[in-house]
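Only one structure is covered here, and it is reproduced in the block below.
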Amino acid sequence: MSRRIWLTGASSGIGAALAEVLLLQGHLLAVSARSAGALRELADRFPGQVLVAPGDLSDAEQVRAIGERIAERWGALDQVILNAGTCEYVEVADFQAAIIERVMHSNLIAAAHCVEAALPLLRAGDRPHLVAVSSSVTFLPLPRAEAYGASKAALRYLFEALRIDLATEGIDVSLVSPGFVDTPLTRNNDFPMPMRWPVDKAARHIARCLERRPYEIAFPTPFIATLLLLAHLPKGLQLALGKRLARTEPRP
């Protein structure tokens, strides 16, 4: 059955690949990203299925306008997948609070704006489902991930609390916690990325799992299991491991 879905961060990476999968399944898709070019290409390739809704999701007014546009076109949403986000790494030798602020705005505050716009539409939808893409970094502290990890940990708490508060309304809430996925964002990483998945494989896996509405979709399983095991080590051992993973030379 075709569903009305709002997908953010749909112009590249996991979002773009997931948009392809969902459209091929026959769903109606409202797609958001800062850049409209890639979104319009999707609309051209899937006529009648795509609602192009670009905007800066950290801007509450722009997000409100997107919600109004969706309401005008469809009147309701059955599923919302908040995938938009960014990553910046922290160099403690030159610690900048502005990095934390930027990443928090992109990964947490923007998601909160989207939730505000989405909930009235989900309440009018069929078997509503709210989904956020978090990260496996929330399972174990890692070097230089202060900004990214903190933002995704906050996102996790936000959605796990929302799951409780929305349960009585029949709105299911799922978290997606990927390991390393081959995207334009991760290609900038300057460290090994074990068990990295191709983006198409990740998108198919997410779409397949979302049909079951689980509390969490975390992959790849061996990588997640390793992180969870390490997370149960004594803090001293976690620190020793982290120091071994940390880069010892400053970034040029």
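Ordering of the structure tokens sets the chain letters (A, B, ...); residue numbers start at 1 within each chain; ligands are numbered from 1 in the order shown.
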
Please report as JSON lines every residue of segment 191-212 of chain A lying within 10 Å of segment 217-236 of chain A, along with the nearest atom pair and their distance in Å (one decimal), using only C-alpha atoms.
```
{"residue": "A:Pro194", "atom": "CA", "partner": "A:Phe223", "partner_atom": "CA", "distance": 7.8}
{"residue": "A:Met195", "atom": "CA", "partner": "A:Phe223", "partner_atom": "CA", "distance": 6.8}
{"residue": "A:Arg196", "atom": "CA", "partner": "A:Pro220", "partner_atom": "CA", "distance": 8.3}
{"residue": "A:Trp197", "atom": "CA", "partner": "A:Pro220", "partner_atom": "CA", "distance": 7.9}
{"residue": "A:Ala202", "atom": "CA", "partner": "A:Phe219", "partner_atom": "CA", "distance": 8.3}
{"residue": "A:His205", "atom": "CA", "partner": "A:Phe219", "partner_atom": "CA", "distance": 8.8}
{"residue": "A:Ile206", "atom": "CA", "partner": "A:Ile217", "partner_atom": "CA", "distance": 7.1}
{"residue": "A:Cys209", "atom": "CA", "partner": "A:Ile217", "partner_atom": "CA", "distance": 6.9}
{"residue": "A:Leu210", "atom": "CA", "partner": "A:Ile217", "partner_atom": "CA", "distance": 8.0}
```

Which residues of segment 2-31 of chain A come within 12 Å of segment 120-143 of chain A, and what is each one's closest atom pair and distance in Å (one decimal), counting only C-alpha atoms, sorted by chain and residue number, as CSV?
```
residue,atom,partner,partner_atom,distance
A:Ser2,CA,A:Asp126,CA,10.7
A:Arg3,CA,A:Asp126,CA,8.3
A:Arg4,CA,A:Gly125,CA,8.3
A:Ile5,CA,A:His129,CA,9.4
A:Trp6,CA,A:Leu130,CA,9.8
A:Leu7,CA,A:Val131,CA,9.5
A:Thr8,CA,A:Ala132,CA,9.7
A:Gly9,CA,A:Val133,CA,10.2
A:Ile14,CA,A:Val133,CA,9.6
A:Gly15,CA,A:Val133,CA,9.8
A:Leu18,CA,A:Val133,CA,11.8
```

Proximity to Gly85 of chain A - best of A:Ser174, A:Asn189, A:Ser11, A:Gln49, only C-alpha atoms: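 The answer is A:Ser11, which sits nearest to Gly85 of chain A.
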
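Comparing the minimum interatomic distances between Leu82 of chain A and each of A:Leu42, A:Glu61, A:Ile109, A:Ile70, counting only C-alpha atoms, we find that A:Ile109 sits nearest.
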
Contacts of segment 182-186 of chain A at 9 Å (only C-alpha atoms; same-chain gap of 2+ positions) as an MDAnalysis selection string: chainID A and resid 12:14 86:87 180 188:190 193 196:199

If we count only C-alpha atoms, what is near Arg208 of chain A at a cut-off of 12 Å, once residues fewer than 3 positions away on the same chain are taken out, given as a CSV table (one decimal) with N, CA and C atoms, in the first residue's frame?
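Saved as around_4.csv:
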```csv
chain,number,residue,atom,x,y,z
A,18,LEU,N,17.8,6.0,-0.1
A,18,LEU,CA,16.5,5.6,0.5
A,18,LEU,C,15.4,6.1,-0.3
A,21,VAL,N,14.7,3.8,-3.1
A,21,VAL,CA,14.0,2.5,-2.7
A,21,VAL,C,12.5,2.8,-2.5
A,22,LEU,N,12.2,3.8,-1.7
A,22,LEU,CA,10.8,4.1,-1.4
A,22,LEU,C,10.0,4.4,-2.6
A,25,GLN,N,9.1,1.4,-4.5
A,25,GLN,CA,8.1,0.7,-3.9
A,25,GLN,C,6.7,1.3,-4.1
A,201,LYS,N,23.1,-0.7,-0.2
A,201,LYS,CA,22.8,-1.9,0.7
A,201,LYS,C,22.1,-1.3,2.0
A,202,ALA,N,22.7,-0.2,2.5
A,202,ALA,CA,22.2,0.3,3.7
A,202,ALA,C,20.7,0.8,3.5
A,203,ALA,N,20.5,1.4,2.4
A,203,ALA,CA,19.1,2.0,2.1
A,203,ALA,C,18.1,0.8,2.0
A,204,ARG,N,18.5,-0.2,1.3
A,204,ARG,CA,17.5,-1.4,1.2
A,204,ARG,C,17.3,-2.0,2.6
A,205,HIS,N,18.3,-2.1,3.4
A,205,HIS,CA,18.2,-2.7,4.7
A,205,HIS,C,17.2,-1.9,5.6
A,211,GLU,N,9.5,-1.7,7.6
A,211,GLU,CA,8.2,-2.3,7.5
A,211,GLU,C,7.7,-2.9,8.8
A,212,ARG,N,8.7,-3.4,9.6
A,212,ARG,CA,8.3,-4.0,10.9
A,212,ARG,C,8.2,-3.0,12.0
A,213,ARG,N,8.5,-1.8,11.8
A,213,ARG,CA,8.5,-0.7,12.8
A,213,ARG,C,9.2,-1.1,14.1
A,214,PRO,N,10.4,-1.5,14.0
A,214,PRO,CA,11.2,-1.9,15.2
A,214,PRO,C,11.5,-0.6,16.1
A,217,ILE,N,16.9,0.1,14.4
A,217,ILE,CA,17.6,-0.6,13.3
A,217,ILE,C,19.1,-0.2,13.4
```

Per residue of segment 97-195 of chain A within 12 Å of segment 26-39 of chain A, which atom pair is closest and at what distance in Å (one decimal), using only C-alpha atoms, listed by chain and increasing number, as JSON lines?
```
{"residue": "A:Ser106", "atom": "CA", "partner": "A:Arg34", "partner_atom": "CA", "distance": 11.4}
{"residue": "A:Ala110", "atom": "CA", "partner": "A:Ala33", "partner_atom": "CA", "distance": 11.5}
{"residue": "A:Cys114", "atom": "CA", "partner": "A:Ser32", "partner_atom": "CA", "distance": 10.6}
{"residue": "A:Ala118", "atom": "CA", "partner": "A:Ala30", "partner_atom": "CA", "distance": 11.7}
```

Can you spit out the residues from that selection as a compact mmCIF listing (two decimals), in the first residue's frame, using C-alpha atoms?
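Output below, filename selection-v6.txt:
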```
# COMPACT_ATOMS: atom_id res chain seq x y z
CA SER A 106 21.99 20.54 12.18
CA ALA A 110 16.59 20.86 12.99
CA CYS A 114 10.71 18.84 11.86
CA ALA A 118 5.28 16.65 11.37
```

In segment 17-215 of chain A, DSSP helix (DSSP H, G or I) residues written as JSON, numbers by chain: {"A": [17, 18, 19, 20, 21, 22, 23, 24, 37, 38, 39, 40, 41, 42, 43, 44, 45, 60, 61, 62, 63, 64, 65, 66, 67, 68, 69, 70, 71, 72, 73, 92, 93, 94, 97, 98, 99, 100, 101, 102, 103, 104, 105, 106, 107, 108, 109, 110, 111, 112, 113, 114, 115, 116, 117, 118, 119, 120, 121, 122, 123, 136, 137, 138, 139, 146, 147, 148, 149, 150, 151, 152, 153, 154, 155, 156, 157, 158, 159, 160, 161, 162, 163, 164, 165, 166, 167, 168, 169, 186, 187, 188, 199, 200, 201, 202, 203, 204, 205, 206, 207, 208, 209, 210]}

Those same residues, written as a CSV table (one decimal), in the first residue's frame with C-alpha atoms?
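Produced file result.csv, reproduced below:
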```csv
chain,number,residue,atom,x,y,z
A,17,ALA,CA,19.5,6.1,-1.8
A,18,LEU,CA,16.5,5.6,0.5
A,19,ALA,CA,14.4,7.9,-1.6
A,20,GLU,CA,15.1,5.7,-4.6
A,21,VAL,CA,14.0,2.5,-2.7
A,22,LEU,CA,10.8,4.1,-1.4
A,23,LEU,CA,9.8,5.5,-4.7
A,24,LEU,CA,10.4,2.2,-6.5
A,37,GLY,CA,18.6,20.4,-7.7
A,38,ALA,CA,18.8,16.7,-6.8
A,39,LEU,CA,15.3,16.8,-5.4
A,40,ARG,CA,13.9,18.0,-8.7
A,41,GLU,CA,15.8,15.3,-10.6
A,42,LEU,CA,13.9,12.8,-8.4
A,43,ALA,CA,10.6,14.5,-9.3
A,44,ASP,CA,11.4,14.3,-13.0
A,45,ARG,CA,12.2,10.6,-12.7
A,60,ALA,CA,11.9,27.1,12.1
A,61,GLU,CA,10.0,29.2,9.6
A,62,GLN,CA,11.2,27.3,6.6
A,63,VAL,CA,10.3,24.0,8.3
A,64,ARG,CA,6.9,25.3,9.1
A,65,ALA,CA,6.4,26.3,5.5
A,66,ILE,CA,7.4,22.8,4.4
A,67,GLY,CA,4.8,21.3,6.7
A,68,GLU,CA,2.2,23.6,5.3
A,69,ARG,CA,3.1,22.6,1.8
A,70,ILE,CA,2.7,19.0,2.6
A,71,ALA,CA,-0.6,19.6,4.4
A,72,GLU,CA,-1.9,21.5,1.3
A,73,ARG,CA,-0.9,18.7,-1.0
A,92,VAL,CA,40.9,19.5,21.3
A,93,ALA,CA,44.2,21.4,20.7
A,94,ASP,CA,42.0,24.1,19.2
A,97,ALA,CA,32.4,25.6,20.9
A,98,ALA,CA,31.1,26.9,17.5
A,99,ILE,CA,31.6,23.4,16.1
A,100,ILE,CA,29.4,21.9,18.8
A,101,GLU,CA,26.8,24.6,18.2
A,102,ARG,CA,26.7,24.0,14.4
A,103,VAL,CA,26.4,20.3,14.7
A,104,MET,CA,23.8,20.5,17.4
A,105,HIS,CA,21.7,22.8,15.2
A,106,SER,CA,22.0,20.5,12.2
A,107,ASN,CA,21.5,17.2,13.9
A,108,LEU,CA,19.2,18.0,16.9
A,109,ILE,CA,17.5,21.4,16.6
A,110,ALA,CA,16.6,20.9,13.0
A,111,ALA,CA,15.1,17.5,13.9
A,112,ALA,CA,13.0,19.1,16.6
A,113,HIS,CA,11.7,21.7,14.2
A,114,CYS,CA,10.7,18.8,11.9
A,115,VAL,CA,9.0,17.0,14.7
A,116,GLU,CA,6.9,20.1,15.5
A,117,ALA,CA,5.8,20.4,11.8
A,118,ALA,CA,5.3,16.7,11.4
A,119,LEU,CA,3.2,15.6,14.4
A,120,PRO,CA,-0.1,17.3,13.3
A,121,LEU,CA,0.3,15.6,9.9
A,122,LEU,CA,1.1,12.2,11.5
A,123,ARG,CA,-1.9,12.5,13.8
A,136,SER,CA,26.2,3.9,16.2
A,137,VAL,CA,28.5,6.4,17.7
A,138,THR,CA,26.0,6.8,20.5
A,139,PHE,CA,27.0,3.3,21.8
A,146,GLU,CA,32.5,15.2,20.8
A,147,ALA,CA,30.2,17.3,18.6
A,148,TYR,CA,28.8,14.6,16.4
A,149,GLY,CA,28.4,12.0,19.2
A,150,ALA,CA,26.8,14.5,21.5
A,151,SER,CA,24.3,15.6,18.9
A,152,LYS,CA,23.3,12.0,18.0
A,153,ALA,CA,23.1,11.0,21.7
A,154,ALA,CA,20.7,13.9,22.3
A,155,LEU,CA,18.7,12.9,19.2
A,156,ARG,CA,18.5,9.4,20.6
A,157,TYR,CA,17.2,10.6,24.0
A,158,LEU,CA,14.7,12.9,22.3
A,159,PHE,CA,13.2,10.1,20.2
A,160,GLU,CA,13.2,7.5,22.9
A,161,ALA,CA,11.3,9.9,25.1
A,162,LEU,CA,8.9,10.8,22.2
A,163,ARG,CA,8.3,7.0,21.8
A,164,ILE,CA,6.9,6.9,25.3
A,165,ASP,CA,4.8,10.1,25.0
A,166,LEU,CA,3.4,9.3,21.6
A,167,ALA,CA,2.5,5.7,22.3
A,168,THR,CA,-0.9,6.5,23.6
A,169,GLU,CA,-1.6,8.3,20.3
A,186,THR,CA,32.1,9.6,5.3
A,187,ARG,CA,34.5,9.8,2.4
A,188,ASN,CA,36.0,12.8,4.2
A,199,VAL,CA,24.9,3.1,0.6
A,200,ASP,CA,22.5,1.2,-1.6
A,201,LYS,CA,22.8,-1.9,0.7
A,202,ALA,CA,22.2,0.3,3.7
A,203,ALA,CA,19.1,2.0,2.1
A,204,ARG,CA,17.5,-1.4,1.2
A,205,HIS,CA,18.2,-2.7,4.7
A,206,ILE,CA,16.6,0.3,6.3
A,207,ALA,CA,13.5,0.2,4.1
A,208,ARG,CA,13.0,-3.5,4.7
A,209,CYS,CA,13.4,-3.2,8.4
A,210,LEU,CA,11.1,-0.1,8.7
```

Which residue of A:Ala240, A:Ala145, A:Val50, A:Ala76 approaches Val90 of chain A most closely, using only C-alpha atoms: A:Ala145
